[in-house]
Amino acid sequence: MNIRSEEVRRAIDDFCLNLIETGIAIDMNKAVCLGQPDRKTLVTWASAGISTSFTDYEFATLNEYLQFIEARQFSALLFDGALLQISYTVHRDEEVVDHRLCWYPCPVHLTREDLEVAPIEEIVRSTPVTAMRCRGPVRFDFSPHQTKEGHSSSHLHVFQEGCRVPVKGPLDLYTFSNFVLSHFYPKPWAFHKATFAAVGWGGGCTLTAAEFRSPHLFWNNSV
Amino acid sequence: MLDLVIGKKQNPPAVDVLIDVLKQQPWNGTLYIGYPIFPGGEATTLTDALLTCEEHGVVIFDLALLPSKSLPAEQLAEDIELRQNDLYRGLHNRLFAFRELTRNRGRELGFDINVITLLPQEVAGLREKISLSTPATVLDDIVAFPALDSQYVRPLNAAIQKTAALKPKKKRLTVKKQDSMGGIIKRIEAEIANLDKWQKNAAIECPDNPQRIRGLAGSGKTIILAMKAAYLHANFPDKDIVVTFQTRSLYQQFESLISKFYYDQVQDDPDWEKLKIIHAWGSGSSPGVYSAIASSAGLAAIDFGQARYKFGYSDAFGGVCKQLLRQLDGVNFEPIWDFLLVDEAQDFPPEFFRLAYLATRSPKRVVWAYDELQNLGDYAMPPVAELFGVDANGSSLVTIENEDGKPKQDILLPVCYRNPAWTLSLALALGLAVYREQGPVQMFDEPAIWREIGFNRVAGQLALGEQVTLARREDRSPAFFNELLTPDQSIQYARFEKEEQQAEWIAGCVADALSNQELEPSDILIIIPEAITAEKKAVPIIRALDKKGISSHIVGVTKSRNLMFVDDSVAISGIFRAKGNEAPLVFLANADYCFSGYELAKRRNILFTAITRSKAWIRISGLGPGMDGLISEIKQVVENDYKLAFPYPTEEQIASMRRTYREKTEQEKREEKKEIKALRSLLDKLDSGELLIDDLPEDLAEKLRAIRSE
């Protein structure tokens with residue numbers, strides 16, 4: 001489905017503002033459009049810079065989370081310390097050819113009130129190890145140019161870098177936000193559903209026949 | 001009468017003698033002890049005493065001790081003359097930088113600087129060689145000096161009070177019009193760059209005891225503490241000095257101010273090994289007062305992360321301090337610092353002060369500064385006995401009193417230099433709820449405090465239970481505000497039905513300020529009173545600003561966002577992060593939140609704090625009937641020409657206000673929540689018929705029937 005980079009940018013900004021308005025997020029970075037070679041436009045959070053790796057640390061480590069917080073590498077910061085990273089690459093202002101959509105939960109339990117007393121980094125660093133939560137980020141990557149055996153065009157990273165669960169295809173913002181909010185924040189989601197009801201730009205199916213035959217993530221909007 | 005400012009006494013007996021002689025003199029001016037300081041080679045040169053007065057000009061006193069071995073008169077004269085010349089040159093350099101103090105086309109200082117060496121008794125053969133006095137002759141010697149030319153009086157005072165460290169940070173080169181907001185604030189900032197004399201004096205005065213500094217929000221306590229730290233470090237380079245605070249963002253402020261003040265005096269950088277700026281708590285990554293004390297006693301310090309599990313987040317700091325105190329009881333603990341300066345003292349639990357007392361070497365030079373109005377009256381800031389504890393006999397370990405001729409232990413800062421008189425009057429009127437229909441929400445229990453913070457009684461009686469009219473003293477607010485602004489321009493308010501309308505209005509004002517009034521986005525601060533939901537409430541405003549192409553940001557919760565102001569972006573902040581900051585144009589949105597409600601004193605304090613953030617212009621807006629009520633109070637302030645006319649509450653009324661409106665403890669809040677829940681459940685049962693009024697005990701049933709019929 002066709003989508004222009006400017007529309008994507010506005011959709012992300014609007015989404016983050018809605019998150020703040022409903023109290024699910026407490027901070028955000030504006031989305032910006034960055035020109036790339038080959039008539040591509042990267043729509044990402046303002047503090048991202050142009051590096052694609054963002055981090056010196058390994059996937060799903062405390063250091064990675066902390067570095068993202070300290071460098072403000074997020075589109076939105078949620079009330080429980082989780083991060084949302086939302087970025088899309090649009091080609092010729094028509095088509096999404098890449099995305100990185102990540103929900104990164106906070107390794108410790110914290111409340112909004114805690115944040116009035118100390119910054120997140122300090123709370124995380126000083127929480128006793130036994131109170132840490134064993135969970136890591138959930139990241140949907142779409143990178144058709146890197147497709148090969150065992151590396152599906154659209155895939156989900158969980159628990160370790162090498163894990164790539166095949167996914168139906170690219171997720172538009174609406175599909176991604178639905179997924180995160182309904183599964184990880186069911187109560188606020190149920191309460192504020194109306195605020196987030198918006199049409200996304202859809203996306204096709206990029207699964208290969210082999211990928212269909214083993215466990216994968218799929219959804220069908222037309223059913 | 002002379003003003004006395006008593007800093008470091010290098011030669012105390014001599015200083016005392018001088019003070020004795022001079023303090024009664026009917027001159028107009030100031031006697032500084034231990035000020036100013038000049039850079040000089042290896043060490044700094046301290047001026048023992050400096051007298052500046054209209055009647056006899058500028059006189060430096062050299063009070064150095066005589067060498068114990070008797071030297072020939074020649075040698076002695078030479079030494080003394082050398083010292084006198086150093087002192088002369090130091091002050092001359094400093095004053096010569098000000099054109100207003102010069103004459104002859106700016107080529108020479110407009111008046112003489114006199115230098116007197118004060119010796120305890122006559123020394124044979126010296127008087128002919130150099131300018132000398134003894135206690136018996138010093139008064140005559142001073143009186144012989146001619147008066148200061150009147151044109152130099154004001155600039156001289158300004159020059160002595162001025163500190164280059166406070167030059168305005170923004171150059172505002174793009175400002176073209178004199179009377180645009182940009183033009184006006186440019187002039188205000190240039191004027192405010194001077195400390196007022198109370199601040200300077202408070203910074204210099206150093207008793208050999210604990211010292212308390214109180215003032216209204218905006219009286220510049222942080223600056224005073226920074227200056228005091230710099231001054232102490234310059235005077236006592238080998239002593240351990242610590243400056244501490246709660247709000248992390250103060251770290252950068254202190255570092256910057258102290259460096260500048262120190263450099264201003266001494267032309268060198270501070271020795272950060274001896275002068276430390278430390279957060280009160282400390283964490284794994286950064287040192288803290290609490291953690292330093294713990295580790296110095298060989299005990300483990302608890303981090304916030306652990307503490308909040310143990311004590312709950314709001315009692316976390318109190319909890320860890322209490323625990324450390326208990327542990328220190330059995331341990332032989334050596335104090336580790338000589339001076340401890342505490343900012344935001346009202347935010348610290350008493351246990352922290354006890355730790356501070358233990359950690360400071362005799363004579364326990366702890367200085368603490370706090371806002372008189374953030375938590376009104378003494379009850380929020382516990383009395384000194386409770387703060388520091390009592391000794392074996394039950395008497396307070398620390399007493400605070402001001403003795404004549406000695407540096408002050410208790411300083412009350414009278415001027416709120418940041419704000420025009422009308423802004424401060426409005427802030428007080430709304431903060432105390434003076435013109436509220438049901439009467440004030442809080443009040444100073446000592447009427448005399450009004451006078452001390454710079455208000456005069458213009459009608460009635462300033463006493464408990466009496467009708468009184470108070471007005472801000474003219475001389476307590478800088479005069480230039482009246483020349484550059486009027487109250488109508490300064491203070492504006494608006495009321496709306498919906499948040500979106502308020503947001504539109506704010507965005508419109510901001511757009512006008514940026515496009516037509518030559519202000520910059522970082523000149524604007526939008527404050528939202530509700531702390532926890534500030535971000536939510538900010539969204540309509542962000543959207544409205546965005547529609548006009550104006551960038552904005554929410555002052556956030558990650559470490560890097562402790563910076564308030566960002567270039568090219570309008571700052572939106574909850575009230576907590578706005579504290580200690582200021583901006584030329586301040587908006588207070590949703591002000592109706594502060595009009596009435598739970599813990600009303602706390603909400604009213606927010607009004608006071610928010611309004612006093614404004615350097616020049618304040619815009620108050622809100623929704624619905626709450627805002628109507630607030631506007632009604634504002635109008636009364638305006639109609640009374642910014643005077644406060646009200647019946648001063650009686651002692652019982654003040655006590656009652658305290659009970660009703662004050663901030664509740666966590667435990668109390670939890671209890672009340674439970675009680676409200678129970679009440680709701682009871683009322684529901686009565687409504688549904690599950691329970692009948694008659695089933696209740698008779699006295700309760702009667703009360704309920706009475707309430708229902710109201």
# chains A, B, ... in the order shown; residues from 1 in each chain; ligands from 1
>>> interface_residues(of="chain A", to="chain B", cutoff="10 Å", atoms="only C-alpha atoms", output="mmCIF file with N, CA and C atoms, in the first residue's frame")
data_model
loop_
_atom_site.group_PDB
_atom_site.id
_atom_site.type_symbol
_atom_site.label_atom_id
_atom_site.label_comp_id
_atom_site.auth_asym_id
_atom_site.auth_seq_id
_atom_site.Cartn_x
_atom_site.Cartn_y
_atom_site.Cartn_z
ATOM 1 N N ASP A 14 1.610 11.729 16.087
ATOM 2 C CA ASP A 14 0.260 11.731 16.621
ATOM 3 C C ASP A 14 0.078 10.587 17.609
ATOM 4 N N CYS A 16 2.376 9.107 19.410
ATOM 5 C CA CYS A 16 3.091 9.369 20.665
ATOM 6 C C CYS A 16 2.352 10.398 21.513
ATOM 7 N N LEU A 17 1.813 11.414 20.866
ATOM 8 C CA LEU A 17 1.050 12.403 21.633
ATOM 9 C C LEU A 17 -0.172 11.754 22.265
ATOM 10 N N ASN A 18 -0.814 10.859 21.510
ATOM 11 C CA ASN A 18 -1.960 10.162 22.080
ATOM 12 C C ASN A 18 -1.546 9.320 23.280
ATOM 13 N N LEU A 19 -0.386 8.709 23.166
ATOM 14 C CA LEU A 19 0.101 7.909 24.293
ATOM 15 C C LEU A 19 0.278 8.778 25.537
ATOM 16 N N ILE A 20 0.815 9.968 25.335
ATOM 17 C CA ILE A 20 1.019 10.843 26.484
ATOM 18 C C ILE A 20 -0.317 11.322 27.027
ATOM 19 N N GLU A 21 -1.205 11.648 26.104
ATOM 20 C CA GLU A 21 -2.494 12.169 26.536
ATOM 21 C C GLU A 21 -3.279 11.148 27.343
ATOM 22 N N THR A 22 -3.097 9.877 27.012
ATOM 23 C CA THR A 22 -3.812 8.854 27.767
ATOM 24 C C THR A 22 -3.028 8.377 28.964
ATOM 25 N N GLY A 23 -1.893 8.987 29.184
ATOM 26 C CA GLY A 23 -1.108 8.644 30.365
ATOM 27 C C GLY A 23 -0.257 7.402 30.203
ATOM 28 N N ILE A 24 -0.250 6.799 29.022
ATOM 29 C CA ILE A 24 0.549 5.597 28.849
ATOM 30 C C ILE A 24 2.015 5.971 28.666
ATOM 31 N N ALA A 25 2.270 7.120 28.043
ATOM 32 C CA ALA A 25 3.653 7.569 27.880
ATOM 33 C C ALA A 25 3.874 8.827 28.703
ATOM 34 N N ILE A 26 5.136 9.063 29.071
ATOM 35 C CA ILE A 26 5.438 10.273 29.828
ATOM 36 C C ILE A 26 6.451 11.166 29.128
ATOM 37 N N ASP A 27 6.994 10.701 28.029
ATOM 38 C CA ASP A 27 7.989 11.503 27.337
ATOM 39 C C ASP A 27 8.060 11.008 25.905
ATOM 40 N N MET A 28 8.481 11.863 25.000
ATOM 41 C CA MET A 28 8.595 11.429 23.612
ATOM 42 C C MET A 28 9.662 12.249 22.893
ATOM 43 N N ASN A 29 10.104 11.731 21.763
ATOM 44 C CA ASN A 29 10.932 12.504 20.849
ATOM 45 C C ASN A 29 10.154 12.683 19.562
ATOM 46 N N LYS A 30 10.236 13.848 19.000
ATOM 47 C CA LYS A 30 9.523 14.063 17.744
ATOM 48 C C LYS A 30 10.080 13.161 16.656
ATOM 49 N N ILE A 69 18.182 4.720 27.234
ATOM 50 C CA ILE A 69 17.573 5.738 28.075
ATOM 51 C C ILE A 69 18.451 6.985 28.110
ATOM 52 N N GLU A 70 19.738 6.786 28.378
ATOM 53 C CA GLU A 70 20.605 7.950 28.568
ATOM 54 C C GLU A 70 20.781 8.748 27.288
ATOM 55 N N ALA A 71 20.779 8.043 26.154
ATOM 56 C CA ALA A 71 20.949 8.754 24.888
ATOM 57 C C ALA A 71 19.611 9.158 24.283
ATOM 58 N N ARG A 72 18.537 8.933 25.006
ATOM 59 C CA ARG A 72 17.188 9.247 24.527
ATOM 60 C C ARG A 72 16.926 8.592 23.177
ATOM 61 N N LEU A 77 8.632 7.192 25.773
ATOM 62 C CA LEU A 77 9.004 6.541 27.022
ATOM 63 C C LEU A 77 7.703 6.327 27.788
ATOM 64 N N GLY A 81 8.497 2.845 32.359
ATOM 65 C CA GLY A 81 9.912 2.814 32.020
ATOM 66 C C GLY A 81 10.205 2.096 30.711
ATOM 67 N N VAL A 108 13.188 -3.183 35.634
ATOM 68 C CA VAL A 108 12.710 -3.207 37.014
ATOM 69 C C VAL A 108 11.296 -2.653 37.050
ATOM 70 N N LEU A 110 8.809 -0.041 38.175
ATOM 71 C CA LEU A 110 8.808 1.298 38.747
ATOM 72 C C LEU A 110 7.497 2.016 38.456
ATOM 73 N N THR A 111 7.192 2.960 39.301
ATOM 74 C CA THR A 111 5.941 3.709 39.159
ATOM 75 C C THR A 111 6.258 5.150 38.782
ATOM 76 N N ARG A 112 5.246 5.819 38.352
ATOM 77 C CA ARG A 112 5.378 7.241 37.987
ATOM 78 C C ARG A 112 5.899 8.055 39.172
ATOM 79 N N GLU A 113 5.447 7.716 40.381
ATOM 80 C CA GLU A 113 5.874 8.459 41.563
ATOM 81 C C GLU A 113 7.373 8.287 41.816
ATOM 82 N N ASP A 114 7.871 7.071 41.552
ATOM 83 C CA ASP A 114 9.305 6.834 41.753
ATOM 84 C C ASP A 114 10.116 7.822 40.926
ATOM 85 N N LEU A 115 9.600 8.144 39.744
ATOM 86 C CA LEU A 115 10.372 8.994 38.847
ATOM 87 C C LEU A 115 10.434 10.433 39.324
ATOM 88 N N GLU A 116 9.579 10.796 40.273
ATOM 89 C CA GLU A 116 9.672 12.148 40.836
ATOM 90 C C GLU A 116 10.852 12.239 41.796
ATOM 91 N N VAL A 117 11.281 11.085 42.265
ATOM 92 C CA VAL A 117 12.334 11.100 43.282
ATOM 93 C C VAL A 117 13.713 10.861 42.691
ATOM 94 N N ALA A 118 13.803 9.994 41.685
ATOM 95 C CA ALA A 118 15.114 9.702 41.110
ATOM 96 C C ALA A 118 14.945 9.392 39.626
ATOM 97 N N PRO A 119 15.983 9.620 38.819
ATOM 98 C CA PRO A 119 15.861 9.300 37.399
ATOM 99 C C PRO A 119 15.912 7.787 37.171
ATOM 100 N N ILE A 120 15.436 7.379 36.003
ATOM 101 C CA ILE A 120 15.328 5.952 35.703
ATOM 102 C C ILE A 120 16.653 5.222 35.866
ATOM 103 N N GLU A 121 17.710 5.823 35.338
ATOM 104 C CA GLU A 121 18.996 5.134 35.373
ATOM 105 C C GLU A 121 19.359 4.747 36.789
ATOM 106 N N GLU A 122 19.125 5.689 37.694
ATOM 107 C CA GLU A 122 19.529 5.425 39.063
ATOM 108 C C GLU A 122 18.673 4.334 39.687
ATOM 109 N N ILE A 123 17.370 4.392 39.381
ATOM 110 C CA ILE A 123 16.488 3.372 39.945
ATOM 111 C C ILE A 123 16.902 1.995 39.438
ATOM 112 N N VAL A 124 17.191 1.926 38.142
ATOM 113 C CA VAL A 124 17.563 0.619 37.593
ATOM 114 C C VAL A 124 18.864 0.129 38.205
ATOM 115 N N ARG A 125 19.836 1.022 38.270
ATOM 116 C CA ARG A 125 21.143 0.587 38.763
ATOM 117 C C ARG A 125 21.110 0.188 40.229
ATOM 118 N N SER A 126 20.177 0.740 40.965
ATOM 119 C CA SER A 126 20.236 0.484 42.401
ATOM 120 C C SER A 126 19.189 -0.507 42.882
ATOM 121 N N THR A 127 18.424 -1.072 41.956
ATOM 122 C CA THR A 127 17.460 -2.084 42.394
ATOM 123 C C THR A 127 18.193 -3.391 42.664
ATOM 124 N N PRO A 128 17.845 -4.058 43.753
ATOM 125 C CA PRO A 128 18.529 -5.321 44.057
ATOM 126 C C PRO A 128 18.334 -6.319 42.914
ATOM 127 N N VAL A 129 19.378 -7.092 42.658
ATOM 128 C CA VAL A 129 19.355 -8.022 41.536
ATOM 129 C C VAL A 129 18.162 -8.944 41.570
ATOM 130 N N ALA A 131 15.292 -8.403 42.418
ATOM 131 C CA ALA A 131 14.026 -7.783 42.032
ATOM 132 C C ALA A 131 13.970 -7.491 40.543
#
>>> select_by_dssp(residues="stretch 14-187 of chain A", states="strand (DSSP E)", output="JSON, numbers by chain")
{"A": [25, 26, 27, 28, 31, 32, 33, 34, 35, 36, 40, 41, 42, 43, 44, 45, 76, 77, 78, 83, 84, 85, 86, 87, 88, 89, 90, 91, 95, 96, 97, 98, 99, 100, 101, 102, 103, 104, 138, 139, 140, 141, 142, 154, 155, 156, 157, 158, 165, 166]}
>>> write_last_selection(atoms="C-alpha atoms", output="PDB file, in the first residue's frame")
ATOM      1  CA  ALA A  25       3.653   7.569  27.880  1.00  0.00           C
ATOM      2  CA  ILE A  26       5.438  10.273  29.828  1.00  0.00           C
ATOM      3  CA  ASP A  27       7.989  11.503  27.337  1.00  0.00           C
ATOM      4  CA  MET A  28       8.595  11.429  23.612  1.00  0.00           C
ATOM      5  CA  ALA A  31       9.662  12.023  14.581  1.00  0.00           C
ATOM      6  CA  VAL A  32      11.832  13.377  11.776  1.00  0.00           C
ATOM      7  CA  CYS A  33      12.386  12.559   8.098  1.00  0.00           C
ATOM      8  CA  LEU A  34      16.003  12.002   7.100  1.00  0.00           C
ATOM      9  CA  GLY A  35      17.030  11.777   3.474  1.00  0.00           C
ATOM     10  CA  GLN A  36      18.977   8.657   2.512  1.00  0.00           C
ATOM     11  CA  LYS A  40      14.879   6.601   0.444  1.00  0.00           C
ATOM     12  CA  THR A  41      13.652   8.522   3.461  1.00  0.00           C
ATOM     13  CA  LEU A  42      14.239   7.344   7.004  1.00  0.00           C
ATOM     14  CA  VAL A  43      11.463   8.343   9.373  1.00  0.00           C
ATOM     15  CA  THR A  44      12.742   7.947  12.895  1.00  0.00           C
ATOM     16  CA  TRP A  45      12.952   9.588  16.332  1.00  0.00           C
ATOM     17  CA  ALA A  76       8.235   7.352  23.412  1.00  0.00           C
ATOM     18  CA  LEU A  77       9.004   6.541  27.022  1.00  0.00           C
ATOM     19  CA  LEU A  78       6.139   4.767  28.762  1.00  0.00           C
ATOM     20  CA  LEU A  83      10.668   2.330  25.511  1.00  0.00           C
ATOM     21  CA  LEU A  84       9.047   2.378  22.120  1.00  0.00           C
ATOM     22  CA  GLN A  85      11.340   2.714  19.119  1.00  0.00           C
ATOM     23  CA  ILE A  86       9.509   3.301  15.881  1.00  0.00           C
ATOM     24  CA  SER A  87      11.268   3.892  12.592  1.00  0.00           C
ATOM     25  CA  TYR A  88      10.337   3.282   8.959  1.00  0.00           C
ATOM     26  CA  THR A  89      12.242   3.681   5.717  1.00  0.00           C
ATOM     27  CA  VAL A  90      10.124   4.786   2.784  1.00  0.00           C
ATOM     28  CA  HIS A  91      11.296   4.382  -0.830  1.00  0.00           C
ATOM     29  CA  GLU A  95       6.527   2.216  -0.204  1.00  0.00           C
ATOM     30  CA  VAL A  96       7.849   1.026   3.117  1.00  0.00           C
ATOM     31  CA  VAL A  97      11.041  -0.925   2.530  1.00  0.00           C
ATOM     32  CA  ASP A  98      12.380  -1.206   6.053  1.00  0.00           C
ATOM     33  CA  HIS A  99      11.231  -0.859   9.595  1.00  0.00           C
ATOM     34  CA  ARG A 100      12.401  -1.263  13.149  1.00  0.00           C
ATOM     35  CA  LEU A 101       9.592  -1.434  15.683  1.00  0.00           C
ATOM     36  CA  CYS A 102      10.613  -2.206  19.198  1.00  0.00           C
ATOM     37  CA  TRP A 103       8.968  -2.405  22.586  1.00  0.00           C
ATOM     38  CA  TYR A 104      11.679  -2.442  25.246  1.00  0.00           C
ATOM     39  CA  VAL A 138      10.400  -7.389  21.493  1.00  0.00           C
ATOM     40  CA  ARG A 139      11.473  -6.127  18.090  1.00  0.00           C
ATOM     41  CA  PHE A 140       9.803  -6.393  14.697  1.00  0.00           C
ATOM     42  CA  ASP A 141      12.290  -5.915  11.857  1.00  0.00           C
ATOM     43  CA  PHE A 142      11.399  -5.653   8.193  1.00  0.00           C
ATOM     44  CA  SER A 154       9.768  -9.654   8.225  1.00  0.00           C
ATOM     45  CA  HIS A 155      10.687 -11.188  11.547  1.00  0.00           C
ATOM     46  CA  LEU A 156      10.393 -10.887  15.279  1.00  0.00           C
ATOM     47  CA  HIS A 157      13.429 -10.772  17.573  1.00  0.00           C
ATOM     48  CA  VAL A 158      12.844 -12.051  21.069  1.00  0.00           C
ATOM     49  CA  VAL A 165      10.527 -15.699  14.181  1.00  0.00           C
ATOM     50  CA  PRO A 166       9.024 -15.261  10.720  1.00  0.00           C
TER      51      PRO A 166
END
>>> select_by_dssp(residues="stretch 174-292 of chain B", states="alpha helix (DSSP H)", output="PyMOL selection string")
chain B and resi 181-192+197-204+221-235+250-266+289-292
>>> write_last_selection(atoms="C-alpha atoms", output="PDB file, in the first residue's frame")
ATOM      1  CA  MET B 181       9.196  42.246  25.301  1.00  0.00           C
ATOM      2  CA  GLY B 182      12.646  41.309  24.067  1.00  0.00           C
ATOM      3  CA  GLY B 183      13.881  44.846  24.510  1.00  0.00           C
ATOM      4  CA  ILE B 184      12.412  45.139  27.962  1.00  0.00           C
ATOM      5  CA  ILE B 185      13.753  41.846  29.235  1.00  0.00           C
ATOM      6  CA  LYS B 186      17.185  42.725  27.898  1.00  0.00           C
ATOM      7  CA  ARG B 187      17.270  45.738  30.137  1.00  0.00           C
ATOM      8  CA  ILE B 188      15.867  43.870  33.107  1.00  0.00           C
ATOM      9  CA  GLU B 189      18.476  41.144  32.806  1.00  0.00           C
ATOM     10  CA  ALA B 190      21.289  43.634  32.697  1.00  0.00           C
ATOM     11  CA  GLU B 191      20.052  45.232  35.911  1.00  0.00           C
ATOM     12  CA  ILE B 192      19.404  41.992  37.737  1.00  0.00           C
ATOM     13  CA  LYS B 197      23.269  44.039  49.158  1.00  0.00           C
ATOM     14  CA  TRP B 198      21.304  41.649  51.373  1.00  0.00           C
ATOM     15  CA  GLN B 199      22.381  38.756  49.257  1.00  0.00           C
ATOM     16  CA  LYS B 200      25.991  39.807  49.243  1.00  0.00           C
ATOM     17  CA  ASN B 201      25.946  40.348  52.966  1.00  0.00           C
ATOM     18  CA  ALA B 202      24.299  37.014  53.585  1.00  0.00           C
ATOM     19  CA  ALA B 203      27.000  35.366  51.517  1.00  0.00           C
ATOM     20  CA  ILE B 204      29.841  37.008  53.399  1.00  0.00           C
ATOM     21  CA  LYS B 221      19.374  31.479  48.134  1.00  0.00           C
ATOM     22  CA  THR B 222      21.168  29.216  45.704  1.00  0.00           C
ATOM     23  CA  ILE B 223      23.250  32.119  44.488  1.00  0.00           C
ATOM     24  CA  ILE B 224      24.010  33.150  48.022  1.00  0.00           C
ATOM     25  CA  LEU B 225      25.141  29.676  48.980  1.00  0.00           C
ATOM     26  CA  ALA B 226      27.304  29.483  45.873  1.00  0.00           C
ATOM     27  CA  MET B 227      28.867  32.781  46.685  1.00  0.00           C
ATOM     28  CA  LYS B 228      29.347  31.793  50.291  1.00  0.00           C
ATOM     29  CA  ALA B 229      31.045  28.567  49.236  1.00  0.00           C
ATOM     30  CA  ALA B 230      33.395  30.491  46.963  1.00  0.00           C
ATOM     31  CA  TYR B 231      34.121  33.022  49.668  1.00  0.00           C
ATOM     32  CA  LEU B 232      34.794  30.365  52.304  1.00  0.00           C
ATOM     33  CA  HIS B 233      37.044  28.451  49.972  1.00  0.00           C
ATOM     34  CA  ALA B 234      39.007  31.584  49.160  1.00  0.00           C
ATOM     35  CA  ASN B 235      39.406  32.348  52.829  1.00  0.00           C
ATOM     36  CA  LEU B 250      21.305  22.116  40.931  1.00  0.00           C
ATOM     37  CA  TYR B 251      24.627  20.378  40.540  1.00  0.00           C
ATOM     38  CA  GLN B 252      25.418  22.175  37.281  1.00  0.00           C
ATOM     39  CA  GLN B 253      24.091  25.445  38.606  1.00  0.00           C
ATOM     40  CA  PHE B 254      26.305  25.291  41.664  1.00  0.00           C
ATOM     41  CA  GLU B 255      29.371  24.247  39.780  1.00  0.00           C
ATOM     42  CA  SER B 256      28.979  27.041  37.310  1.00  0.00           C
ATOM     43  CA  LEU B 257      28.167  29.738  39.872  1.00  0.00           C
ATOM     44  CA  ILE B 258      30.863  28.763  42.344  1.00  0.00           C
ATOM     45  CA  SER B 259      33.540  28.652  39.662  1.00  0.00           C
ATOM     46  CA  LYS B 260      32.532  32.051  38.409  1.00  0.00           C
ATOM     47  CA  PHE B 261      32.325  33.649  41.836  1.00  0.00           C
ATOM     48  CA  TYR B 262      35.608  32.171  42.879  1.00  0.00           C
ATOM     49  CA  TYR B 263      37.332  33.262  39.714  1.00  0.00           C
ATOM     50  CA  ASP B 264      35.850  36.705  40.044  1.00  0.00           C
ATOM     51  CA  GLN B 265      37.537  37.129  43.412  1.00  0.00           C
ATOM     52  CA  VAL B 266      40.719  35.180  43.051  1.00  0.00           C
ATOM     53  CA  VAL B 289      26.612  13.346  51.622  1.00  0.00           C
ATOM     54  CA  TYR B 290      24.759  10.404  53.083  1.00  0.00           C
ATOM     55  CA  SER B 291      26.887   7.808  51.331  1.00  0.00           C
ATOM     56  CA  ALA B 292      30.106   9.651  52.211  1.00  0.00           C
TER      57      ALA B 292
END
>>> residues_around(residues="stretch 29-39 of chain B", least_positions_apart="5", cutoff="8 Å", atoms="only C-alpha atoms", output="ChimeraX atom specification")
/B:1-10,15,44-54,90-91,204,234,265-267
>>> write_last_selection(atoms="C-alpha atoms", output="PDB file, in the first residue's frame")
ATOM      1  CA  MET B   1      23.904  54.051  61.145  1.00  0.00           C
ATOM      2  CA  LEU B   2      26.443  51.840  59.488  1.00  0.00           C
ATOM      3  CA  ASP B   3      25.567  48.468  58.032  1.00  0.00           C
ATOM      4  CA  LEU B   4      27.810  45.764  59.411  1.00  0.00           C
ATOM      5  CA  VAL B   5      28.778  42.842  57.223  1.00  0.00           C
ATOM      6  CA  ILE B   6      30.928  40.430  59.133  1.00  0.00           C
ATOM      7  CA  GLY B   7      32.911  37.889  57.172  1.00  0.00           C
ATOM      8  CA  LYS B   8      36.216  36.337  58.142  1.00  0.00           C
ATOM      9  CA  LYS B   9      37.937  37.947  61.072  1.00  0.00           C
ATOM     10  CA  GLN B  10      41.618  37.494  60.471  1.00  0.00           C
ATOM     11  CA  VAL B  15      38.262  43.647  64.421  1.00  0.00           C
ATOM     12  CA  THR B  44      44.922  35.691  48.141  1.00  0.00           C
ATOM     13  CA  THR B  45      44.887  38.988  49.968  1.00  0.00           C
ATOM     14  CA  LEU B  46      42.048  39.506  52.335  1.00  0.00           C
ATOM     15  CA  THR B  47      40.923  42.980  53.261  1.00  0.00           C
ATOM     16  CA  ASP B  48      40.569  43.037  57.023  1.00  0.00           C
ATOM     17  CA  ALA B  49      37.979  45.764  56.952  1.00  0.00           C
ATOM     18  CA  LEU B  50      36.565  48.208  54.468  1.00  0.00           C
ATOM     19  CA  LEU B  51      34.518  51.246  55.347  1.00  0.00           C
ATOM     20  CA  THR B  52      32.525  52.979  52.658  1.00  0.00           C
ATOM     21  CA  CYS B  53      30.427  55.906  53.712  1.00  0.00           C
ATOM     22  CA  GLU B  54      29.157  59.149  52.319  1.00  0.00           C
ATOM     23  CA  GLY B  90      43.633  45.555  44.887  1.00  0.00           C
ATOM     24  CA  LEU B  91      40.680  47.780  45.612  1.00  0.00           C
ATOM     25  CA  ILE B 204      29.841  37.008  53.399  1.00  0.00           C
ATOM     26  CA  ALA B 234      39.007  31.584  49.160  1.00  0.00           C
ATOM     27  CA  GLN B 265      37.537  37.129  43.412  1.00  0.00           C
ATOM     28  CA  VAL B 266      40.719  35.180  43.051  1.00  0.00           C
ATOM     29  CA  GLN B 267      41.339  34.683  39.337  1.00  0.00           C
TER      30      GLN B 267
END
>>> atom_distance(atom1="atom CA of A:Phe212", atom2="atom CA of A:Ser177")
24.2 Å
